[in-house]
file final.pdb (PDB, C-alpha atoms)
ATOM      1  CA  MET A1144       0.000   0.000   0.000
ATOM      2  CA  ARG A1145       2.764   2.431   0.950
ATOM      3  CA  GLU A1146       4.641   1.674  -2.276
ATOM      4  CA  SER A1147       1.537   2.259  -4.398
ATOM      5  CA  LEU A1148       1.127   5.752  -2.923
ATOM      6  CA  ALA A1149       4.800   6.534  -3.532
ATOM      7  CA  TYR A1150       4.424   5.366  -7.137
ATOM      8  CA  LEU A1151       1.340   7.551  -7.550
ATOM      9  CA  LEU A1152       3.279  10.613  -6.427
ATOM     10  CA  HIS A1153       5.962   9.954  -9.034
ATOM     11  CA  VAL A1154       3.411   9.300 -11.812
ATOM     12  CA  ARG A1155       1.780  12.630 -11.031
ATOM     13  CA  GLY A1156       5.145  14.316 -11.167
ATOM     14  CA  ILE A1157       4.825  15.612  -7.635
ATOM     15  CA  ALA A1158       8.161  16.155  -5.958
ATOM     16  CA  ILE A1159       7.901  16.179  -2.174
ATOM     17  CA  VAL A1160      10.904  16.516   0.110
ATOM     18  CA  ASP A1161       9.312  14.490   2.899
ATOM     19  CA  GLU A1162       7.616  11.867   0.745
ATOM     20  CA  LYS A1163       7.511   9.246   3.494
ATOM     21  CA  GLU A1164       6.059  11.766   5.933
ATOM     22  CA  GLN A1165       3.385  12.811   3.419
ATOM     23  CA  ILE A1166       2.324   9.209   2.814
ATOM     24  CA  ALA A1167       2.358   8.386   6.527
ATOM     25  CA  LYS A1168       0.163  11.430   7.226
ATOM     26  CA  TRP A1169      -2.727  10.277   5.052
ATOM     27  CA  LEU A1170      -2.430   6.632   6.027
ATOM     28  CA  ASP A1171      -2.670   7.736   9.644
ATOM     29  CA  TYR A1172      -5.701   9.963   9.037
ATOM     30  CA  LEU A1173      -7.531   7.046   7.442
ATOM     31  CA  ASN A1174      -6.457   4.448  10.005
ATOM     32  CA  LEU A1175      -4.373   2.498   7.486
ATOM     33  CA  SER A1176      -0.957   2.822   9.123
ATOM     34  CA  GLY A1177      -1.085  -0.665  10.613
ATOM     35  CA  ASP A1178      -1.678  -2.184   7.169
ATOM     36  CA  ALA A1179       0.683   0.042   5.185
ATOM     37  CA  GLY A1180       2.873  -2.908   4.182
ATOM     38  CA  LYS A1181       0.034  -4.939   2.666
ATOM     39  CA  LYS A1182      -0.500  -5.386  -1.048
ATOM     40  CA  ILE A1183      -3.661  -3.836  -2.480
ATOM     41  CA  LYS A1184      -5.062  -7.256  -3.423
ATOM     42  CA  GLU A1185      -4.932  -8.186   0.265
ATOM     43  CA  LEU A1186      -7.130  -5.272   1.340
ATOM     44  CA  SER A1187     -10.814  -5.472   2.192
ATOM     45  CA  GLY A1188     -13.363  -3.403   0.286
ATOM     46  CA  GLY A1189     -13.506  -0.775   3.017
ATOM     47  CA  MET A1190      -9.726  -0.511   3.178
ATOM     48  CA  ARG A1191      -9.534  -0.034  -0.586
ATOM     49  CA  GLN A1192     -12.125   2.709  -0.305
ATOM     50  CA  ARG A1193     -10.009   4.486   2.312
ATOM     51  CA  LEU A1194      -6.911   4.027   0.203
ATOM     52  CA  GLY A1195      -8.735   5.746  -2.667
ATOM     53  CA  ILE A1196      -9.453   8.702  -0.380
ATOM     54  CA  ALA A1197      -5.775   8.846   0.594
ATOM     55  CA  GLN A1198      -4.840   8.883  -3.100
ATOM     56  CA  ALA A1199      -7.145  11.855  -3.680
ATOM     57  CA  PHE A1200      -5.519  13.918  -0.900
ATOM     58  CA  LEU A1201      -1.966  12.815  -1.635
ATOM     59  CA  GLY A1202       0.239  15.684  -2.759
ATOM     60  CA  GLU A1203      -1.964  18.342  -1.127
ATOM     61  CA  PRO A1204      -4.001  19.387  -4.220
ATOM     62  CA  ASP A1205      -6.024  22.597  -3.950
ATOM     63  CA  ILE A1206      -9.171  21.026  -5.440
ATOM     64  CA  ILE A1207     -10.305  17.503  -4.556
ATOM     65  CA  LEU A1208     -13.229  15.612  -6.138
ATOM     66  CA  LEU A1209     -14.723  12.687  -4.210
ATOM     67  CA  ASP A1210     -17.502  10.432  -5.520
ATOM     68  CA  GLU A1211     -19.389   8.556  -2.778
ATOM     69  CA  PRO A1212     -16.275   8.502  -0.535
ATOM     70  CA  THR A1213     -17.860   6.781   2.483
ATOM     71  CA  VAL A1214     -19.724   3.971   0.699
ATOM     72  CA  GLY A1215     -18.567   0.691   2.195
ATOM     73  CA  LEU A1216     -17.083   2.279   5.312
ATOM     74  CA  ASP A1217     -18.213   1.275   8.784
ATOM     75  CA  PRO A1218     -19.575   3.994  11.120
ATOM     76  CA  GLN A1219     -16.218   4.511  12.842
ATOM     77  CA  GLU A1220     -14.320   5.011   9.587
ATOM     78  CA  ARG A1221     -17.048   7.271   8.220
ATOM     79  CA  LEU A1222     -16.656   9.445  11.303
ATOM     80  CA  ALA A1223     -12.878   9.466  10.845
ATOM     81  CA  PHE A1224     -13.325  10.666   7.255
ATOM     82  CA  ARG A1225     -15.618  13.512   8.298
ATOM     83  CA  ASN A1226     -13.230  14.603  11.026
ATOM     84  CA  MET A1227     -10.335  14.540   8.567
ATOM     85  CA  VAL A1228     -12.176  16.720   6.047
ATOM     86  CA  ASN A1229     -13.081  19.258   8.733
ATOM     87  CA  GLU A1230      -9.533  19.332  10.070
ATOM     88  CA  VAL A1231      -7.395  19.549   6.919
ATOM     89  CA  CYS A1232      -9.531  21.328   4.345
ATOM     90  CA  ASP A1233      -9.404  24.975   5.445
ATOM     91  CA  ASN A1234      -7.337  25.914   2.383
ATOM     92  CA  LYS A1235      -8.769  23.365  -0.053
ATOM     93  CA  ILE A1236     -11.906  23.028  -2.141
ATOM     94  CA  VAL A1237     -13.440  19.585  -1.609
ATOM     95  CA  LEU A1238     -16.384  18.602  -3.819
ATOM     96  CA  ILE A1239     -18.288  15.554  -2.593
ATOM     97  CA  SER A1240     -20.927  13.772  -4.654
ATOM     98  CA  THR A1241     -22.949  11.587  -2.308
ATOM     99  CA  HIS A1242     -26.403  10.356  -1.357
ATOM    100  CA  ILE A1243     -25.345   9.955   2.296
ATOM    101  CA  LEU A1244     -26.762  13.141   3.779
ATOM    102  CA  ASP A1245     -25.022  12.696   7.127
ATOM    103  CA  ASP A1246     -21.738  13.243   5.280
ATOM    104  CA  VAL A1247     -23.040  16.493   3.813
ATOM    105  CA  GLU A1248     -24.405  17.737   7.138
ATOM    106  CA  SER A1249     -21.208  16.832   9.023
ATOM    107  CA  ALA A1250     -18.497  17.814   6.544
ATOM    108  CA  CYS A1251     -19.884  20.420   4.133
ATOM    109  CA  GLU A1252     -20.563  24.140   4.439
ATOM    110  CA  ARG A1253     -22.408  24.497   1.141
ATOM    111  CA  MET A1254     -24.458  22.110  -0.964
ATOM    112  CA  VAL A1255     -26.051  21.813  -4.386
ATOM    113  CA  SER A1256     -29.160  19.700  -4.944
ATOM    114  CA  LEU A1257     -29.830  18.350  -8.437
ATOM    115  CA  ARG A1258     -32.963  16.811  -9.920
ATOM    116  CA  GLY A1259     -33.201  15.754 -13.541
ATOM    117  CA  GLY A1260     -29.885  17.451 -14.247
ATOM    118  CA  LYS A1261     -31.172  20.806 -12.992
ATOM    119  CA  VAL A1262     -30.099  22.694  -9.869
ATOM    120  CA  THR A1263     -32.971  22.882  -7.366
ATOM    121  CA  TYR A1264     -30.930  24.460  -4.559
ATOM    122  CA  ALA A1265     -27.490  25.996  -4.131
ATOM    123  CA  GLY A1266     -26.410  27.540  -0.847
ATOM    124  CA  SER A1267     -25.548  26.761   2.737
ATOM    125  CA  VAL A1268     -26.584  23.502   4.383
ATOM    126  CA  GLY A1269     -28.265  25.450   7.187
ATOM    127  CA  GLY A1270     -30.153  27.570   4.662
ATOM    128  CA  PHE A1271     -31.510  24.438   2.974
ATOM    129  CA  ILE A1272     -32.918  23.183   6.271
ATOM    130  CA  LYS A1273     -34.405  26.568   7.189
ATOM    131  CA  ALA A1274     -36.099  26.837   3.785
ATOM    132  CA  ASP A1275     -38.185  23.758   4.584
ATOM    133  CA  ARG A1276     -41.516  24.918   5.997
ATOM    134  CA  LYS A1277     -42.707  21.561   7.305
ATOM    135  CA  ALA A1278     -42.542  20.776  11.022
ATOM    136  CA  VAL A1279     -41.235  17.445  12.325
ATOM    137  CA  TYR A1280     -42.762  15.721  15.360
ATOM    138  CA  SER A1281     -42.418  12.446  17.220
ATOM    139  CA  ILE A1282     -45.072  10.549  19.149
ATOM    140  CA  ARG A1283     -45.433   7.201  20.913
ATOM    141  CA  ILE A1284     -48.770   5.432  20.344
ATOM    142  CA  PRO A1285     -50.283   1.938  20.658
ATOM    143  CA  ARG A1286     -49.830  -0.176  17.546
ATOM    144  CA  ASP A1287     -53.554  -0.331  16.815
ATOM    145  CA  GLU A1288     -53.806   3.476  16.636
ATOM    146  CA  LEU A1289     -51.415   3.957  13.711
ATOM    147  CA  ALA A1290     -54.283   4.735  11.340
ATOM    148  CA  GLY A1291     -55.186   7.707  13.541
ATOM    149  CA  ILE A1292     -52.054   9.581  12.466
ATOM    150  CA  GLY A1293     -54.051  10.981   9.568
ATOM    151  CA  GLU A1294     -53.374  11.688   5.903
ATOM    152  CA  GLU A1295     -52.029  15.164   6.672
ATOM    153  CA  ALA A1296     -48.980  13.593   8.361
ATOM    154  CA  SER A1297     -46.076  12.241   6.303
ATOM    155  CA  ILE A1298     -44.459   9.426   8.264
ATOM    156  CA  ILE A1299     -40.662   9.560   8.283
ATOM    157  CA  SER A1300     -39.924   6.523  10.442
ATOM    158  CA  ILE A1301     -41.668   3.870  12.561
ATOM    159  CA  LYS A1302     -39.890   1.960  15.336
ATOM    160  CA  ARG A1303     -41.428  -0.788  17.429
ATOM    161  CA  ASP A1304     -41.035  -0.547  21.195
ATOM    162  CA  GLY A1305     -42.911  -3.354  22.909
ATOM    163  CA  GLU A1306     -46.625  -2.791  22.372
ATOM    164  CA  SER A1307     -46.056   0.790  21.212
ATOM    165  CA  LEU A1308     -44.841   2.471  18.053
ATOM    166  CA  ALA A1309     -42.409   5.385  18.104
ATOM    167  CA  ILE A1310     -43.366   7.493  15.092
ATOM    168  CA  ARG A1311     -41.484  10.399  13.538
ATOM    169  CA  PHE A1312     -43.569  12.402  11.080
ATOM    170  CA  SER A1313     -43.853  15.777   9.365
ATOM    171  CA  VAL A1314     -46.833  18.072   8.847
ATOM    172  CA  ASN A1315     -47.442  21.418   7.164
ATOM    173  CA  ASP A1316     -49.247  22.862  10.177
ATOM    174  CA  GLY A1317     -47.883  21.669  13.495
ATOM    175  CA  GLU A1318     -50.394  23.564  15.624
ATOM    176  CA  ALA A1319     -53.328  22.012  13.772
ATOM    177  CA  CYS A1320     -52.112  18.500  14.447
ATOM    178  CA  ARG A1321     -51.916  19.264  18.172
ATOM    179  CA  ASN A1322     -55.699  19.665  18.212
ATOM    180  CA  LYS A1323     -56.314  16.084  17.110
ATOM    181  CA  PRO A1324     -57.390  13.749  19.948
ATOM    182  CA  LEU A1325     -54.653  11.199  19.178
ATOM    183  CA  TYR A1326     -51.924  13.757  19.774
ATOM    184  CA  ARG A1327     -53.077  14.669  23.282
ATOM    185  CA  ASN A1328     -51.495  11.673  24.992
ATOM    186  CA  GLY A1329     -48.565  13.715  26.280
ATOM    187  CA  SER A1330     -45.842  12.119  24.183
ATOM    188  CA  LEU A1331     -46.115  14.466  21.195
ATOM    189  CA  ARG A1332     -42.823  16.314  20.821
ATOM    190  CA  LYS A1333     -41.502  18.729  18.242
ATOM    191  CA  GLU A1334     -38.160  17.559  16.840
ATOM    192  CA  GLU A1335     -35.242  19.438  15.359
ATOM    193  CA  LYS A1336     -35.213  19.009  11.591
ATOM    194  CA  SER A1337     -32.290  17.180  10.037
ATOM    195  CA  LEU A1338     -30.891  17.655   6.564
ATOM    196  CA  GLU A1339     -32.426  14.328   5.620
ATOM    197  CA  ASP A1340     -35.885  15.522   6.699
ATOM    198  CA  ALA A1341     -35.561  18.714   4.640
ATOM    199  CA  TYR A1342     -34.199  16.822   1.639
ATOM    200  CA  ILE A1343     -37.087  14.336   1.652
ATOM    201  CA  HIS A1344     -39.569  17.205   1.763
ATOM    202  CA  HIS A1345     -37.672  19.080  -0.956
ATOM    203  CA  THR A1346     -37.537  16.167  -3.389
ATOM    204  CA  SER A1347     -41.144  15.157  -2.694
ATOM    205  CA  TYR A1348     -42.305  18.695  -3.434
ATOM    206  CA  SER A1349     -40.288  18.789  -6.657
ATOM    207  CA  PHE A1350     -41.738  15.440  -7.688
ATOM    208  CA  ARG A1351     -45.321  16.578  -7.100
ATOM    209  CA  ARG A1352     -44.760  19.759  -9.069
ATOM    210  CA  GLN A1353     -43.351  17.816 -12.029
ATOM    211  CA  GLY A1354     -46.105  15.225 -11.806
ATOM    212  CA  ASN A1355     -48.803  17.905 -11.908
ATOM    213  CA  GLY A1356     -47.239  19.494 -14.965
ATOM    214  CA  HIS A1357     -46.474  22.823 -13.243
TER     215      HIS A1357
END

call {"tool": "encode", "arguments": {"input": "final.pdb", "output": "structure tokens"}}
result
Amino acid sequence: MRESLAYLLHVRGIAIVDEKEQIAKWLDYLNLSGDAGKKIKELSGGMRQRLGIAQAFLGEPDIILLDEPTVGLDPQERLAFRNMVNEVCDNKIVLISTHILDDVESACERMVSLRGGKVTYAGSVGGFIKADRKAVYSIRIPRDELAGIGEEASIISIKRDGESLAIRFSVNDGEACRNKPLYRNGSLRKEEKSLEDAYIHHTSYSFRRQGNGH
């Protein structure tokens, strides 16, 4: 692995005084130092993915393009990647194409959303979330009362907990839903919106608009 990175530096024509230190730096960031002597064919899929990330950063380029960088990584390695991006990229432009929204929310300052090859949003991650007008709530109800949620609620997730269901849902008018008898059981709670919540609402809205021909 170490030799392949050294070869890549030479192929790119990048002359670095401390070549070994440069290679060791990125292997360490991506938790590959202990396997640096292995051949690439001996690596697991996740290790090869991390090696690809190291190759992208090798030589300290000013602009780095990453396509689905955390696919195949376990939660710990995904966290390590996000921490690395936040730590080393102050003076770099890193463009990440991904469908894993946690990566965007944790590692990116700005985002671009595309649908059908057209830009539907370009701006800050926080601005994207704030632009979503739906409210997100959670509630715990008996299993046999699921139908009482109502058509005005868009269910985001359902988790079983014994004889109850923990439901996370979104609505256009949060105050209106509070007036429904089902929601008066004391467990109704307004939740902080995530990027994933806003993105689901954003893409659903775009889909409805296209489907209606507007």

call {"tool": "atom_distance", "arguments": {"input": "final.pdb", "atom1": "CA of Asp1246 (chain A)", "atom2": "CA of Asp1304 (chain A)"}}
result
28.6 Å

call {"tool": "residues_around", "arguments": {"input": "final.pdb", "residues": "Ile1310 (chain A)", "least_positions_apart": "2", "cutoff": "12 Å", "atoms": "only C-alpha atoms", "output": "NGL selection string"}}
result
:A and (1279-1286 or 1288-1292 or 1296-1304 or 1307-1308 or 1312-1313 or 1326 or 1330-1334)

call {"tool": "resolve_selection", "arguments": {"input": "final.pdb", "expression": "the PyMOL selection byres ((chain A and resi 1203) around 10)", "output": "list in words"}}
result
Ile1157, Gln1165, Ala1199, Phe1200, Leu1201, Gly1202, Pro1204, Asp1205, Ile1206, Ile1207, Val1231, Cys1232, Asn1234 and Lys1235 of chain A

call {"tool": "atom_distance", "arguments": {"input": "final.pdb", "atom1": "CA of His1344 (chain A)", "atom2": "CA of Lys1277 (chain A)"}}
result
7.7 Å

call {"tool": "atom_distance", "arguments": {"input": "final.pdb", "atom1": "CA of Leu1151 (chain A)", "atom2": "CA of Ile1166 (chain A)"}}
result
10.5 Å

call {"tool": "residues_around", "arguments": {"input": "final.pdb", "residues": "Lys1182 (chain A)", "least_positions_apart": "5", "cutoff": "10 Å", "atoms": "all atoms listed in the file", "output": "count of residues only"}}
result
4

call {"tool": "resolve_selection", "arguments": {"input": "final.pdb", "expression": "the PyMOL selection byres ((chain A and resi 1227) around 12)", "output": "list of chain:residue names"}}
result
A:Lys1168, A:Trp1169, A:Leu1170, A:Asp1171, A:Tyr1172, A:Leu1173, A:Asn1174, A:Arg1193, A:Ile1196, A:Ala1197, A:Phe1200, A:Glu1220, A:Arg1221, A:Leu1222, A:Ala1223, A:Phe1224, A:Arg1225, A:Asn1226, A:Val1228, A:Asn1229, A:Glu1230, A:Val1231, A:Cys1232, A:Asp1233, A:Val1237, A:Asp1246, A:Ser1249, A:Ala1250

call {"tool": "resolve_selection", "arguments": {"input": "final.pdb", "expression": "the PyMOL selection byres ((chain A and resi 1339-1343) around 9)", "output": "list in words"}}
result
Ile1243, Leu1244, Asp1245, Glu1248, Ser1256, Phe1271, Ile1272, Lys1273, Ala1274, Asp1275, Arg1276, Lys1277, Val1279, Ile1299, Ser1313, Lys1336, Ser1337, Leu1338, His1344, His1345, Thr1346, Ser1347 and Tyr1348 of chain A

call {"tool": "closest_residue", "arguments": {"input": "final.pdb", "among": "A:Gly1259, A:Pro1212, A:Pro1218, A:Gly1269", "to": "Thr1241 (chain A)", "atoms": "all atoms listed in the file"}}
result
A:Pro1212

call {"tool": "axis_aligned_box", "arguments": {"input": "final.pdb", "around": "region 1234-1252 of chain A", "padding_each_side": "5 Å", "output": "JSON"}}
result
{"center_x": -17.0, "center_y": 17.9, "center_z": 2.2, "size_x": 29.4, "size_y": 26.0, "size_z": 23.7}

call {"tool": "residues_near_point", "arguments": {"input": "final.pdb", "point": "(-14.4, -1.1, 5.6)", "cutoff": "10 Å", "atoms": "only C-alpha atoms", "output": "PyMOL selection string"}}
result
chain A and resi 1186-1193+1213-1221

call {"tool": "closest_residue", "arguments": {"input": "final.pdb", "among": "A:Ser1176, A:Thr1263, A:Ser1240, A:Asn1315", "to": "Leu1209 (chain A)", "atoms": "all atoms listed in the file"}}
result
A:Ser1240
